[in-house]
Each structure stands twice: as structure tokens, then as C-alpha cells.
>>> print(open('input-v5.cif').read())   # mmCIF, C-alpha atoms
data_coords
#
loop_
_atom_site.label_atom_id
_atom_site.label_comp_id
_atom_site.auth_asym_id
_atom_site.auth_seq_id
_atom_site.Cartn_x
_atom_site.Cartn_y
_atom_site.Cartn_z
CA MET A 1 0.00 0.00 0.00
CA ASN A 2 1.07 3.56 -0.73
CA LEU A 3 -0.29 6.63 1.07
CA VAL A 4 -0.77 9.82 -0.95
CA PHE A 5 -1.33 12.98 1.12
CA ALA A 6 -2.78 15.56 -1.26
CA ASP A 7 -3.24 19.19 -0.26
CA PRO A 8 -3.37 22.05 -2.78
CA GLY A 9 -3.33 24.42 0.23
CA LEU A 10 0.05 23.19 1.48
CA LEU A 11 2.33 26.17 0.88
CA ASN A 12 4.12 27.21 4.09
CA ASN A 13 3.83 27.02 7.89
CA LEU A 14 0.95 29.50 8.07
CA GLY A 15 -2.27 27.91 9.30
CA HIS A 16 -3.00 24.23 9.83
CA HIS A 17 -1.96 22.70 6.50
CA ALA A 18 1.70 21.92 7.25
CA ASN A 19 0.98 20.52 10.70
CA SER A 20 -1.82 18.32 9.36
CA CYS A 21 0.61 16.91 6.84
CA ARG A 22 3.30 16.36 9.47
CA HIS A 23 0.92 14.50 11.74
CA VAL A 24 -0.31 12.06 9.11
CA VAL A 25 2.76 11.51 6.96
CA LEU A 26 5.41 11.30 9.65
CA GLU A 27 3.32 8.72 11.51
CA ALA A 28 2.88 6.70 8.31
CA ARG A 29 6.60 6.82 7.52
CA ARG A 30 7.40 5.83 11.10
CA ARG A 31 5.41 2.66 10.42
CA GLY A 32 7.21 2.04 7.16
CA ILE A 33 4.27 2.95 4.90
CA PRO A 34 5.52 4.51 1.63
CA SER A 35 4.06 8.02 1.54
CA ALA A 36 3.99 10.82 -1.01
CA VAL A 37 3.06 14.44 -0.32
CA LEU A 38 1.49 16.46 -3.16
CA ALA A 39 1.50 20.20 -2.36
CA PHE A 40 0.77 23.51 -4.06
CA ASN A 41 3.35 24.06 -6.80
CA GLN A 42 4.76 27.11 -4.98
CA VAL A 43 5.33 25.21 -1.72
CA GLU A 44 8.23 26.64 0.29
CA SER A 45 11.57 24.88 -0.18
CA PHE A 46 11.95 24.04 3.52
CA LEU A 47 8.70 22.02 3.42
CA GLN A 48 9.87 20.26 0.29
CA GLU A 49 12.98 19.23 2.19
CA GLU A 50 11.32 18.43 5.52
CA LEU A 51 8.30 16.51 4.21
CA PHE A 52 9.63 15.47 0.80
CA ALA A 53 6.70 17.47 -0.54
CA ILE A 54 6.31 17.56 -4.31
CA PRO A 55 5.22 20.86 -5.95
CA TRP A 56 2.17 19.53 -7.79
CA PHE A 57 -1.08 21.47 -7.77
CA ARG A 58 -1.36 24.62 -9.87
CA CYS A 59 -4.36 26.12 -8.02
CA ASN A 60 -4.39 27.06 -4.36
CA PRO A 61 -7.82 26.82 -2.62
CA TYR A 62 -7.38 30.38 -1.34
CA GLY A 63 -6.39 31.77 -4.73
CA SER A 64 -8.41 33.97 -7.05
CA TYR A 65 -8.16 33.10 -10.75
CA ASP A 66 -10.89 35.34 -12.16
CA SER A 67 -12.02 38.83 -11.18
CA ASP A 68 -15.32 39.13 -13.06
CA PRO A 69 -17.63 41.27 -10.88
CA LEU A 70 -20.66 39.01 -11.43
CA CYS A 71 -19.50 35.43 -11.81
CA SER A 72 -15.94 35.20 -10.45
CA TRP A 73 -17.13 32.76 -7.77
CA LEU A 74 -18.37 30.40 -10.49
CA SER A 75 -15.49 30.80 -12.94
CA ASN A 76 -12.99 30.38 -10.08
CA PHE A 77 -14.69 27.12 -9.16
CA ASP A 78 -14.57 25.99 -12.80
CA ILE A 79 -10.90 26.92 -13.25
CA MET A 80 -9.81 25.33 -9.96
CA SER A 81 -11.79 22.12 -10.33
CA THR A 82 -10.75 21.57 -13.98
CA THR A 83 -7.08 22.36 -13.33
CA THR A 84 -6.93 20.26 -10.15
CA GLN A 85 -8.58 17.31 -11.88
CA ASP A 86 -5.93 17.56 -14.58
CA ASP A 87 -3.26 17.64 -11.87
CA PHE A 88 -4.63 14.45 -10.35
CA SER A 89 -4.65 12.88 -13.80
CA ARG A 90 -0.88 13.28 -13.95
CA LEU A 91 -0.59 10.66 -11.21
CA HIS A 92 0.35 7.25 -12.56
CA GLY A 93 0.44 3.82 -10.98
CA ILE A 94 -2.43 4.49 -8.57
CA GLY A 95 -4.65 1.49 -7.92
CA ARG A 96 -6.97 -0.33 -5.55
CA ASP A 97 -4.32 -1.02 -2.92
CA ASP A 98 -3.46 2.65 -2.46
CA LEU A 99 -4.90 5.19 -0.03
CA ILE A 100 -5.36 8.88 -0.92
CA PHE A 101 -6.06 11.48 1.77
CA LEU A 102 -7.28 14.87 0.49
CA ASN A 103 -6.76 17.49 3.19
CA SER A 104 -9.12 20.44 3.83
CA ALA A 105 -11.11 20.10 0.61
CA GLY A 106 -13.30 22.88 -0.74
CA PRO A 107 -15.92 22.45 -3.48
CA ALA A 108 -13.40 22.61 -6.34
CA GLN A 109 -11.05 20.07 -4.77
CA LEU A 110 -13.96 17.75 -3.99
CA ALA A 111 -15.18 17.94 -7.60
CA ALA A 112 -11.68 17.35 -8.97
CA MET A 113 -11.02 14.29 -6.82
CA LEU A 114 -14.40 12.65 -7.45
CA SER A 115 -14.31 13.29 -11.20
CA TRP A 116 -10.78 11.88 -11.47
CA VAL A 117 -11.34 8.75 -9.36
CA GLN A 118 -14.66 7.95 -11.01
CA SER A 119 -12.81 7.80 -14.34
CA PHE A 120 -11.17 4.58 -13.04
CA PRO A 121 -12.89 1.22 -13.45
CA GLU A 122 -14.69 0.49 -10.16
CA GLU A 123 -12.41 -2.41 -9.24
CA GLN A 124 -9.25 -0.29 -9.75
CA ARG A 125 -10.20 2.75 -7.67
CA PRO A 126 -7.99 3.58 -4.69
CA THR A 127 -9.43 4.17 -1.25
CA VAL A 128 -10.13 7.91 -1.00
CA ILE A 129 -10.61 9.88 2.21
CA ILE A 130 -11.70 13.50 1.72
CA GLU A 131 -11.49 15.72 4.81
CA PHE A 132 -13.40 19.00 5.13
CA GLY A 133 -11.49 21.29 7.48
CA MET A 134 -13.08 24.51 6.27
CA TYR A 135 -16.47 25.88 7.28
CA ALA A 136 -19.43 24.65 5.27
CA GLY A 137 -21.12 28.05 5.03
CA LEU A 138 -24.21 26.76 6.85
CA VAL A 139 -25.46 26.92 10.43
CA PRO A 140 -28.11 24.78 12.13
CA LYS A 141 -31.28 26.61 13.18
CA GLN A 142 -34.12 25.28 15.30
CA THR A 143 -37.52 26.20 13.86
CA ASP A 144 -41.11 25.20 14.55
CA GLN A 145 -40.72 22.62 11.81
CA GLY A 146 -37.55 21.18 13.37
CA PHE A 147 -33.88 21.33 12.56
CA GLU A 148 -32.79 23.07 9.35
CA LEU A 149 -29.65 24.60 7.86
CA THR A 150 -29.39 28.24 6.84
CA LEU A 151 -26.65 30.32 5.25
CA CYS A 152 -23.96 31.75 7.51
CA TYR A 153 -23.48 34.80 5.32
CA GLN A 154 -25.59 35.99 2.42
CA GLY A 155 -23.78 35.80 -0.90
CA ASP A 156 -21.50 32.94 0.19
CA PRO A 157 -21.41 30.49 -2.75
CA ARG A 158 -19.70 27.66 -0.85
CA PRO A 159 -22.86 25.72 0.19
CA LEU A 160 -24.31 26.07 -3.31
CA LEU A 161 -21.15 24.69 -4.91
CA PHE A 162 -20.81 21.86 -2.38
CA ARG A 163 -24.43 20.82 -3.00
CA TYR A 164 -23.92 21.00 -6.77
CA VAL A 165 -20.84 18.76 -6.61
CA ALA A 166 -22.61 16.30 -4.32
CA LYS A 167 -25.63 16.01 -6.60
CA LYS A 168 -23.37 15.49 -9.60
CA TYR A 169 -20.97 12.91 -8.16
CA LEU A 170 -22.55 11.41 -5.03
CA SER A 171 -26.18 10.92 -6.05
CA LYS A 172 -25.72 7.20 -6.75
CA GLY A 173 -25.42 6.41 -3.04
CA GLU A 174 -22.56 5.06 -0.95
CA HIS A 175 -19.25 3.97 -2.47
CA PRO A 176 -17.03 1.42 -0.69
CA TRP A 177 -13.87 3.18 -1.89
CA LEU A 178 -14.93 6.65 -0.63
CA HIS A 179 -15.02 8.16 2.85
CA LEU A 180 -16.05 11.77 3.42
CA ALA A 181 -14.99 13.04 6.85
CA THR A 182 -14.42 15.93 9.22
CA PHE A 183 -12.63 16.16 12.58
CA ASP A 184 -15.80 16.98 14.54
CA ALA A 185 -19.13 15.17 14.90
CA GLN A 186 -21.14 18.42 14.78
CA ALA A 187 -19.36 19.45 11.58
CA SER A 188 -19.93 15.98 10.10
CA ALA A 189 -23.66 16.23 10.77
CA ILE A 190 -23.85 19.56 8.93
CA TYR A 191 -21.86 18.29 5.95
CA GLU A 192 -23.96 15.12 5.87
CA ARG A 193 -27.14 17.18 5.52
CA LEU A 194 -25.46 19.33 2.88
CA PHE A 195 -24.23 16.37 0.81
CA ASP A 196 -27.10 13.93 1.53
CA HIS A 197 -24.29 11.42 1.95
CA THR A 198 -22.60 9.77 4.94
CA VAL A 199 -19.86 11.90 6.50
CA HIS A 200 -17.62 10.22 9.07
CA THR A 201 -15.71 11.75 11.99
CA LEU A 202 -11.95 11.26 12.25
CA PRO A 203 -9.81 11.48 15.39
CA LEU A 204 -8.11 14.87 15.58
CA SER A 205 -4.53 14.76 14.38
CA ASN A 206 -3.18 17.24 16.93
CA GLN A 207 -0.87 15.97 19.66
CA ALA A 208 1.20 17.17 22.59
CA VAL A 209 4.33 19.00 21.47
CA THR A 210 5.28 20.34 24.91
CA GLY A 211 5.86 18.80 28.31
CA CYS A 212 2.19 19.44 29.19
CA ARG A 213 3.17 21.26 32.37
CA ASP A 214 0.57 21.61 35.08
CA ARG A 215 -0.31 25.32 35.10
CA THR A 216 -2.03 25.22 38.48
CA GLY A 217 -0.68 28.04 40.62
CA THR A 218 1.03 29.83 37.73
CA ARG A 219 1.35 33.58 38.23
CA PRO A 220 1.41 35.82 36.30
CA VAL A 221 -0.95 34.12 33.88
CA THR A 222 0.01 34.49 30.22
CA ILE A 223 -3.16 34.98 28.17
CA ALA A 224 -2.47 33.91 24.59
CA LEU A 225 -4.07 34.51 21.20
CA LEU A 226 -2.12 32.45 18.69
CA GLY A 227 -1.96 31.56 15.01
CA HIS A 228 -3.07 33.02 11.71
CA GLN A 229 -5.05 36.02 12.95
CA ARG A 230 -8.07 36.97 10.85
CA LEU A 231 -11.28 38.89 11.39
CA GLU A 232 -13.39 35.72 11.68
CA LYS A 233 -11.09 34.73 14.55
CA GLY A 234 -12.03 37.89 16.41
CA PHE A 235 -8.81 39.74 15.65
CA GLY A 236 -10.72 43.02 15.45
CA LEU A 237 -11.49 42.75 19.18
CA LEU A 238 -7.88 42.47 20.28
CA PRO A 239 -6.89 46.12 20.80
CA GLU A 240 -9.89 46.83 23.02
CA LEU A 241 -9.75 43.45 24.76
CA ALA A 242 -6.02 43.65 25.46
CA GLY A 243 -6.21 47.26 26.63
CA ARG A 244 -9.00 46.58 29.11
CA LEU A 245 -7.40 43.40 30.45
CA LEU A 246 -4.08 45.14 31.04
CA ALA A 247 -5.85 47.98 32.84
CA LEU A 248 -7.92 45.66 35.05
CA GLN A 249 -5.42 42.88 35.79
CA PRO A 250 -1.89 43.84 36.88
CA ASP A 251 -0.84 40.22 37.33
CA ILE A 252 -1.12 39.03 33.70
CA ARG A 253 0.78 39.02 30.45
CA ILE A 254 -0.81 38.91 27.00
CA LEU A 255 0.92 37.05 24.19
CA VAL A 256 -0.38 37.83 20.69
CA HIS A 257 1.14 35.70 17.97
CA ASN A 258 0.21 36.61 14.40
CA GLY A 259 1.80 34.61 11.61
CA ALA A 260 0.38 37.00 8.97
CA PRO A 261 0.85 40.54 10.38
CA ASP A 262 0.36 42.17 6.97
CA LEU A 263 -3.21 40.88 6.63
CA CYS A 264 -4.81 43.43 9.00
CA VAL A 265 -2.16 46.16 9.07
CA ASP A 266 -4.09 48.85 10.98
CA LEU A 267 -5.02 46.46 13.79
CA GLN A 268 -1.47 45.13 13.96
CA ASN A 269 -0.04 48.67 14.11
CA THR A 270 -2.37 49.51 16.99
CA LEU A 271 -1.12 46.45 18.88
CA ARG A 272 2.48 47.43 18.14
CA ASP A 273 1.90 50.85 19.68
CA MET A 274 0.28 49.25 22.73
CA ALA A 275 3.16 46.80 23.15
CA ALA A 276 5.65 49.65 23.00
CA ALA A 277 3.80 51.35 25.88
CA ASP A 278 3.29 48.24 28.06
CA PRO A 279 5.85 45.39 28.17
CA ARG A 280 3.16 43.01 29.46
CA LEU A 281 1.79 42.90 25.90
CA ILE A 282 4.08 40.64 23.90
CA LEU A 283 3.82 40.46 20.11
CA ASP A 284 5.32 37.70 17.98
CA GLU A 285 4.98 38.21 14.23
CA ARG A 286 6.87 35.16 12.99
CA THR A 287 5.30 32.38 10.97
CA ALA A 288 5.59 29.42 13.31
CA GLY A 289 7.32 26.22 12.32
CA PRO A 290 7.25 23.18 14.66
CA GLU A 291 9.91 24.45 17.08
CA LEU A 292 8.51 27.97 17.47
CA TRP A 293 4.93 26.68 17.69
CA ALA A 294 5.89 24.37 20.56
CA GLN A 295 7.57 27.30 22.32
CA LEU A 296 4.48 29.50 21.91
CA LEU A 297 2.19 26.82 23.32
CA ASP A 298 4.53 26.21 26.24
CA GLN A 299 4.56 29.95 27.07
CA SER A 300 0.73 30.11 27.05
CA ASP A 301 -1.30 29.61 30.23
CA LEU A 302 -4.77 30.50 28.91
CA VAL A 303 -5.66 30.37 25.20
CA VAL A 304 -8.48 32.69 24.13
CA CYS A 305 -10.43 32.04 20.91
CA PRO A 306 -12.92 34.92 20.36
CA TYR A 307 -14.08 33.38 17.08
CA TYR A 308 -17.16 34.10 14.97
CA ARG A 309 -19.68 31.54 16.13
CA ASP A 310 -21.31 30.81 12.76
CA HIS A 311 -17.94 30.36 11.08
CA PHE A 312 -16.83 27.73 13.59
CA VAL A 313 -20.03 25.79 13.92
CA SER A 314 -18.97 23.53 11.04
CA THR A 315 -15.18 23.55 11.21
CA TYR A 316 -12.74 22.45 13.87
CA SER A 317 -10.09 24.64 15.48
CA ALA A 318 -6.55 23.26 15.31
CA LEU A 319 -5.55 25.79 17.99
CA ALA A 320 -8.21 24.68 20.46
CA SER A 321 -7.27 21.04 19.82
CA GLU A 322 -3.59 21.72 20.43
CA ALA A 323 -4.36 23.69 23.58
CA LEU A 324 -6.16 20.71 25.12
CA ALA A 325 -3.51 18.26 23.92
CA ASN A 326 -0.90 20.43 25.67
CA ALA A 327 -2.79 21.02 28.96
CA ILE A 328 -3.76 24.65 28.31
CA PRO A 329 -7.15 26.02 29.50
CA LEU A 330 -9.38 27.74 26.95
CA VAL A 331 -11.93 30.53 26.50
CA VAL A 332 -14.25 29.76 23.56
CA PRO A 333 -17.68 30.76 22.16
CA SER A 334 -20.75 28.56 22.71
CA ARG A 335 -22.46 26.52 19.97
CA THR A 336 -19.17 25.94 18.16
CA THR A 337 -16.98 22.89 17.64
CA LEU A 338 -14.59 24.46 20.16
CA ALA A 339 -17.31 24.46 22.82
CA VAL A 340 -18.13 20.81 22.10
CA LEU A 341 -14.46 19.94 22.55
CA VAL A 342 -14.24 21.75 25.89
CA GLN A 343 -17.38 20.04 27.17
CA ARG A 344 -16.21 16.62 25.99
CA PHE A 345 -12.94 16.87 27.91
CA GLY A 346 -14.28 17.81 31.31
CA ALA A 347 -14.72 21.59 31.01
CA PRO A 348 -11.06 22.74 31.05
CA GLY A 349 -12.18 26.18 29.90
CA ILE A 350 -14.87 28.85 29.90
CA VAL A 351 -17.58 28.65 27.24
CA TYR A 352 -19.17 32.06 26.86
CA ASP A 353 -22.53 32.71 25.26
CA ASP A 354 -23.13 35.50 22.78
CA PRO A 355 -26.51 36.11 21.16
CA SER A 356 -24.85 37.30 17.95
CA ASP A 357 -22.45 35.57 15.56
CA ARG A 358 -19.65 38.04 16.22
CA SER A 359 -18.51 38.30 19.83
CA THR A 360 -18.15 41.67 21.50
CA ALA A 361 -15.07 42.73 23.43
CA GLU A 362 -17.19 43.11 26.59
CA ILE A 363 -18.51 39.54 26.47
CA VAL A 364 -15.06 38.06 25.78
CA LEU A 365 -13.55 40.25 28.51
CA GLN A 366 -15.99 38.92 31.10
CA ALA A 367 -15.28 35.35 30.00
CA VAL A 368 -11.53 35.89 30.38
CA LEU A 369 -12.00 37.48 33.82
CA THR A 370 -14.09 34.45 34.84
CA ALA A 371 -11.34 32.15 33.60
CA LEU A 372 -8.73 34.06 35.60
CA HIS A 373 -10.91 33.87 38.71
CA HIS A 374 -11.18 30.06 38.35
CA PHE A 375 -7.77 29.60 36.76
CA ASP A 376 -6.35 26.92 39.07
CA LEU A 377 -9.46 24.75 38.67
CA LEU A 378 -9.32 25.13 34.87
CA ALA A 379 -5.59 24.37 34.84
CA THR A 380 -6.15 21.16 36.82
CA ARG A 381 -8.87 20.10 34.40
CA ALA A 382 -6.66 20.97 31.41
CA LYS A 383 -3.89 18.75 32.77
CA GLN A 384 -6.39 15.90 33.11
CA ALA A 385 -7.67 16.54 29.56
CA SER A 386 -4.14 16.28 28.16
CA GLN A 387 -3.74 12.90 29.85
CA GLN A 388 -6.94 11.66 28.19
CA TRP A 389 -6.10 13.10 24.78
CA GLU A 390 -3.65 10.52 23.45
CA ALA A 391 -6.07 7.62 23.96
CA ILE A 392 -8.67 9.31 21.73
CA HIS A 393 -6.84 11.63 19.33
CA GLY A 394 -3.44 12.19 17.77
CA PRO A 395 -1.60 10.96 14.66
CA ALA A 396 -1.55 7.29 15.69
CA GLN A 397 -5.30 7.18 16.30
CA LEU A 398 -5.99 9.06 13.07
CA LEU A 399 -3.84 6.77 10.94
CA ASP A 400 -5.29 3.66 12.60
CA THR A 401 -8.78 4.84 11.63
CA MET A 402 -7.76 5.58 8.05
CA LEU A 403 -6.09 2.19 7.66
CA SER A 404 -9.12 0.40 9.13
CA TRP A 405 -11.36 2.04 6.53
CA HIS A 406 -8.97 0.95 3.79
CA ALA A 407 -8.80 -2.62 5.11
CA ALA A 408 -12.60 -2.89 5.40
CA ARG A 409 -13.16 -2.51 1.64
CA PRO A 410 -14.75 -5.60 0.10
CA ARG A 411 -12.21 -7.60 -1.88
#
>>> encode(input="input-v5.cif", output="C-alpha cells")
Amino acid sequence: MNLVFADPGLLNNLGHHANSCRHVVLEARRRGIPSAVLAFNQVESFLQEELFAIPWFRCNPYGSYDSDPLCSWLSNFDIMSTTTQDDFSRLHGIGRDDLIFLNSAGPAQLAAMLSWVQSFPEEQRPTVIIEFGMYAGLVPKQTDQGFELTLCYQGDPRPLLFRYVAKKYLSKGEHPWLHLATFDAQASAIYERLFDHTVHTLPLSNQAVTGCRDRTGTRPVTIALLGHQRLEKGFGLLPELAGRLLALQPDIRILVHNGAPDLCVDLQNTLRDMAAADPRLILDERTAGPELWAQLLDQSDLVVCPYYRDHFVSTYSALASEALANAIPLVVPSRTTLAVLVQRFGAPGIVYDDPSDRSTAEIVLQAVLTALHHFDLLATRAKQASQQWEAIHGPAQLLDTMLSWHAARPR
């Protein structure tokens, strides 16, 4: 058997793509499973060397390939799906005994994979696992008629395109060679309704990369906001939130890591000015590779995720997963996959409720103050959660699940 890890979004260390690849592929190679990594064709040279990643795909899922004011969303989908299907077609020697994992697929990548594999004779198709790590564009709503899905944001074409691809390629029912999956049961249920097709739930790939120190009794507490900061992650709240926390709590530090500081320049400049005036606000603007990321997690005592609720109702948070794997308490919004994770692992964090999709600085501030008030209890629970994590999640559990699906195919 050969494992092919395919990810057109694999470009650099920004975001979750590189770590997802590391988790799966390094575990497979540790077991002696031949593994190939197919990345975006502009993948950074250090990832080519570290992961033996092959520059392969010509379209990045986050790219824009048409600027037409009326139909760019549709022509972009057409360009990306057609080009990516052609890129898959350049693979040779793929057969029934092989396993292909497509990471963080969007509508175009889903269409490309399904169109390509369905060109094979049924008995020669490889096992295909397609993971959806991005938000579906839909949120569940309870109505008088029961449960239904509605658009997160008006004008978002993602659900329309996903449904179109599903009707075109998945309407013939279940396929023994195909597994659609997410990393969260709530997200899987939403995608299953969207596709009208079974969507499985995989163990999370994240694992402990620190010593999982017990943070009980730690003072001052380092409040951390880490990763690829964007507006849907509540980055717009940070200047007000940080300023008020620093004014109210003398015994804290705030660590703001932003791997893409040029994305929201005005907000980042405001934080730079604040950090220059108060050394308790620490900014780190480096894109984090494995070593730096482990250092950032180890420095963090309380991870805050002031995310848009609707955006994270159907997608998992790699940061929240890594916080729990590394014994770090959390502050997260209710009715999200992050909240489900906190509840599942014994409440090692504060889940705050917000009637709107987009949290306010005041609501997040009160949640953080509550977390600080109960910090030692949360830290004890977070240490316990990290001890439970490895039995349920992590690269070994993920790969075991993938291999079991491959082995269960009728021969």
C-alpha cells in the first residue's frame, strides 16, 4: 500500500496545512508505509525538504483566478476544479491497494477528486478519504418545523457549490472506496445534511508537542491569542480586549502571535503601539514552524479564541485542539466545535454565550475574567484533559482509523 497525502493548500507554515501533513505523513513513515506528499506548486523549499513534498497542484484553494464582478465565484470554481482534476490525472500507478487522503477540501477540490477517481474502473479505484477542514457556510437553526440549515453569510457560494458537486458525483449512493470526513461530529452532521451522503468523523490529528506542564498556581498568567489572525477569529477585538485586560489585571501578560501581520495592518499597528507602551503585551509576528509553535504553546497559560460563532459551527479549530492536547485552559464561544471539545474533555475552559455571531469585546472580557478567577481549577482540568487526549486523538489514532477504513473494503 502507498499513502498519498494531497493538499493544494500546502504552501508554508501558516495555518494548519503543514501541521496536518506532518501529523499524518510522519506517523505513516514511522510505520514504514511509503508516503507521497502532493502540495501547491509554490510550496516553500523548507517544506519540500522536511516533508519530501512535491510541488504539484497549480491552483491554491485560497487563490483567485478570475475577477469578473458578477461570476468570479463560479469561474474560479470551474478553473480550480478543472485544473486540479488535470493535476490528479498526472498521477500514474495508482490502484486499488493505495490510499489517498485529500486534506481540507473545498468544493473545487472535492469535484476534482471525485471526477478523477470515477474515471477509473470500479475495481481499480484507490481508497479515497476527503477531509473538510473549512467551514461549510451553513449553520443549524431550530424552527417550529424542526432542525434546518441556513446560510452563515448571504452571498456565500460555498454551500451552493458543495451541493452542486454532491448532486453530480454522489447521487448514486454510498461507495465502498470513498469516505467523506471531518474532525468533529457536529461538523460531520452539517456536511452530511449538505451532501445527503454519509460523512464520518476522524480522530483529531493534533498531539502534545510540549511537556504538558501543570499550570495550576502559575502567576502571572500568560493569556495567549495564537496563530493566523483573521477577522473571523475575532482579531478586530484584540486592541480593546487587550487594553481593558491590562488595565484591570496587573498580574497578567498577553501574548499575541500573528503569523500573517500584513493581513490586518491597521489592527497590527495599533497592537504594536500598545506593546511599546506596556511590556506586558508581547507580540510575535513570525510564521511558526514546529519548534517555534511548541515554544508559543509552552509559554501560554490560557488560550483565548474569540471566534465568529457561525464560522466555527462547522469547522474544527486546530488551535483549540492543540491547547487541550498540551494542557492549556481555553476561552471559547458557545455553539461551536470548540465548545463541544471543551465540554467533551471535562470543562477545562470557559464557554461564553453571545446572542450574535460576532462576539463583543465586553462579552469576551468577562469570560476571560471568569477564567482568571477560576484559573487553578481550569488548569487542573486541562492537565487531566491532556492525559486523556492521546487515547482518543493524535496521529496514531488518526492513521489507525484511516487504515481500518482501507482494510474494510470488500475484496
>>> closest_atom_pairs(input="input-v5.cif", of="region 216-311 of chain A", to="region 325-340 of chain A", cutoff="12 Å", atoms="all atoms listed in the file", output="Markdown table")
| residue | atom | partner | partner_atom | distance |
| --- | --- | --- | --- | --- |
| A:Thr216 | CA | A:Ile328 | CA | 10.3 |
| A:Thr218 | CA | A:Ile328 | CA | 11.8 |
| A:Val221 | CA | A:Pro329 | CA | 11.1 |
| A:Thr222 | CA | A:Ile328 | CA | 10.7 |
| A:Ile223 | CA | A:Leu330 | CA | 9.6 |
| A:Ala224 | CA | A:Leu330 | CA | 9.6 |
| A:Leu225 | CA | A:Val331 | CA | 10.3 |
| A:Leu226 | CA | A:Leu330 | CA | 12.0 |
| A:Lys233 | CA | A:Val332 | CA | 10.8 |
| A:Gly234 | CA | A:Pro333 | CA | 10.8 |
| A:Trp293 | CA | A:Asn326 | CA | 11.7 |
| A:Ala294 | CA | A:Asn326 | CA | 9.4 |
| A:Gln295 | CA | A:Asn326 | CA | 11.4 |
| A:Leu296 | CA | A:Asn326 | CA | 11.2 |
| A:Leu297 | CA | A:Asn326 | CA | 7.5 |
| A:Asp298 | CA | A:Asn326 | CA | 8.0 |
| A:Gln299 | CA | A:Ile328 | CA | 9.9 |
| A:Ser300 | CA | A:Ile328 | CA | 7.2 |
| A:Asp301 | CA | A:Ile328 | CA | 5.9 |
| A:Leu302 | CA | A:Pro329 | CA | 5.1 |
| A:Val303 | CA | A:Leu330 | CA | 4.9 |
| A:Val304 | CA | A:Val331 | CA | 4.7 |
| A:Cys305 | CA | A:Val332 | CA | 5.2 |
| A:Pro306 | CA | A:Val332 | CA | 6.2 |
| A:Tyr307 | CA | A:Pro333 | CA | 6.8 |
| A:Tyr308 | CA | A:Pro333 | CA | 7.9 |
| A:Arg309 | CA | A:Thr336 | CA | 6.0 |
| A:Asp310 | CA | A:Thr336 | CA | 7.6 |
| A:His311 | CA | A:Thr336 | CA | 8.4 |
>>> residues_near_point(input="input-v5.cif", point="(-6.6, 4.5, -5.7)", cutoff="8 Å", atoms="only C-alpha atoms", output="PDB file with C-alpha atoms, in the coordinates of the input")
ATOM      1  CA  ILE A  94      -2.430   4.490  -8.570  1.00  0.00           C
ATOM      2  CA  GLY A  95      -4.650   1.490  -7.920  1.00  0.00           C
ATOM      3  CA  ARG A  96      -6.970  -0.330  -5.550  1.00  0.00           C
ATOM      4  CA  ASP A  97      -4.320  -1.020  -2.920  1.00  0.00           C
ATOM      5  CA  ASP A  98      -3.460   2.650  -2.460  1.00  0.00           C
ATOM      6  CA  LEU A  99      -4.900   5.190  -0.030  1.00  0.00           C
ATOM      7  CA  ILE A 100      -5.360   8.880  -0.920  1.00  0.00           C
ATOM      8  CA  VAL A 117     -11.340   8.750  -9.360  1.00  0.00           C
ATOM      9  CA  GLN A 124      -9.250  -0.290  -9.750  1.00  0.00           C
ATOM     10  CA  ARG A 125     -10.200   2.750  -7.670  1.00  0.00           C
ATOM     11  CA  PRO A 126      -7.990   3.580  -4.690  1.00  0.00           C
ATOM     12  CA  THR A 127      -9.430   4.170  -1.250  1.00  0.00           C
ATOM     13  CA  VAL A 128     -10.130   7.910  -1.000  1.00  0.00           C
TER      14      VAL A 128
END
>>> resolve_selection(input="input-v5.cif", expression="the PyMOL selection byres ((chain A and resi 129-136) around 10)", output="ChimeraX atom specification")
/A:5-6,16-17,99-107,109-110,113-114,126-128,137-139,151-152,156,158-160,162,177-184,187-188,190-191,194,199-202,310-318,402,405-406
>>> closest_residue(input="input-v5.cif", among="A:Leu161, A:Ala276, A:Val351, A:Cys212", to="Gln384 (chain A)", atoms="all atoms listed in the file")
A:Cys212
>>> axis_aligned_box(input="input-v5.cif", around="region 203-214 of chain A", padding_each_side="3 Å", output="JSON")
{"center_x": -2.0, "center_y": 16.5, "center_z": 24.7, "size_x": 21.7, "size_y": 16.1, "size_z": 26.7}
>>> decode(input="input-v5.cif", residues="region 94-110 of chain A", atoms="C-alpha atoms", output="mmCIF file, in the first residue's frame")
data_model
loop_
_atom_site.group_PDB
_atom_site.id
_atom_site.type_symbol
_atom_site.label_atom_id
_atom_site.label_comp_id
_atom_site.auth_asym_id
_atom_site.auth_seq_id
_atom_site.Cartn_x
_atom_site.Cartn_y
_atom_site.Cartn_z
ATOM 1 C CA ILE A 94 -2.432 4.494 -8.570
ATOM 2 C CA GLY A 95 -4.648 1.489 -7.917
ATOM 3 C CA ARG A 96 -6.970 -0.327 -5.551
ATOM 4 C CA ASP A 97 -4.317 -1.021 -2.918
ATOM 5 C CA ASP A 98 -3.459 2.650 -2.464
ATOM 6 C CA LEU A 99 -4.900 5.195 -0.026
ATOM 7 C CA ILE A 100 -5.360 8.881 -0.923
ATOM 8 C CA PHE A 101 -6.061 11.481 1.765
ATOM 9 C CA LEU A 102 -7.276 14.868 0.488
ATOM 10 C CA ASN A 103 -6.762 17.495 3.186
ATOM 11 C CA SER A 104 -9.124 20.442 3.825
ATOM 12 C CA ALA A 105 -11.111 20.101 0.607
ATOM 13 C CA GLY A 106 -13.296 22.883 -0.737
ATOM 14 C CA PRO A 107 -15.919 22.450 -3.478
ATOM 15 C CA ALA A 108 -13.404 22.612 -6.344
ATOM 16 C CA GLN A 109 -11.050 20.071 -4.767
ATOM 17 C CA LEU A 110 -13.963 17.747 -3.992
#
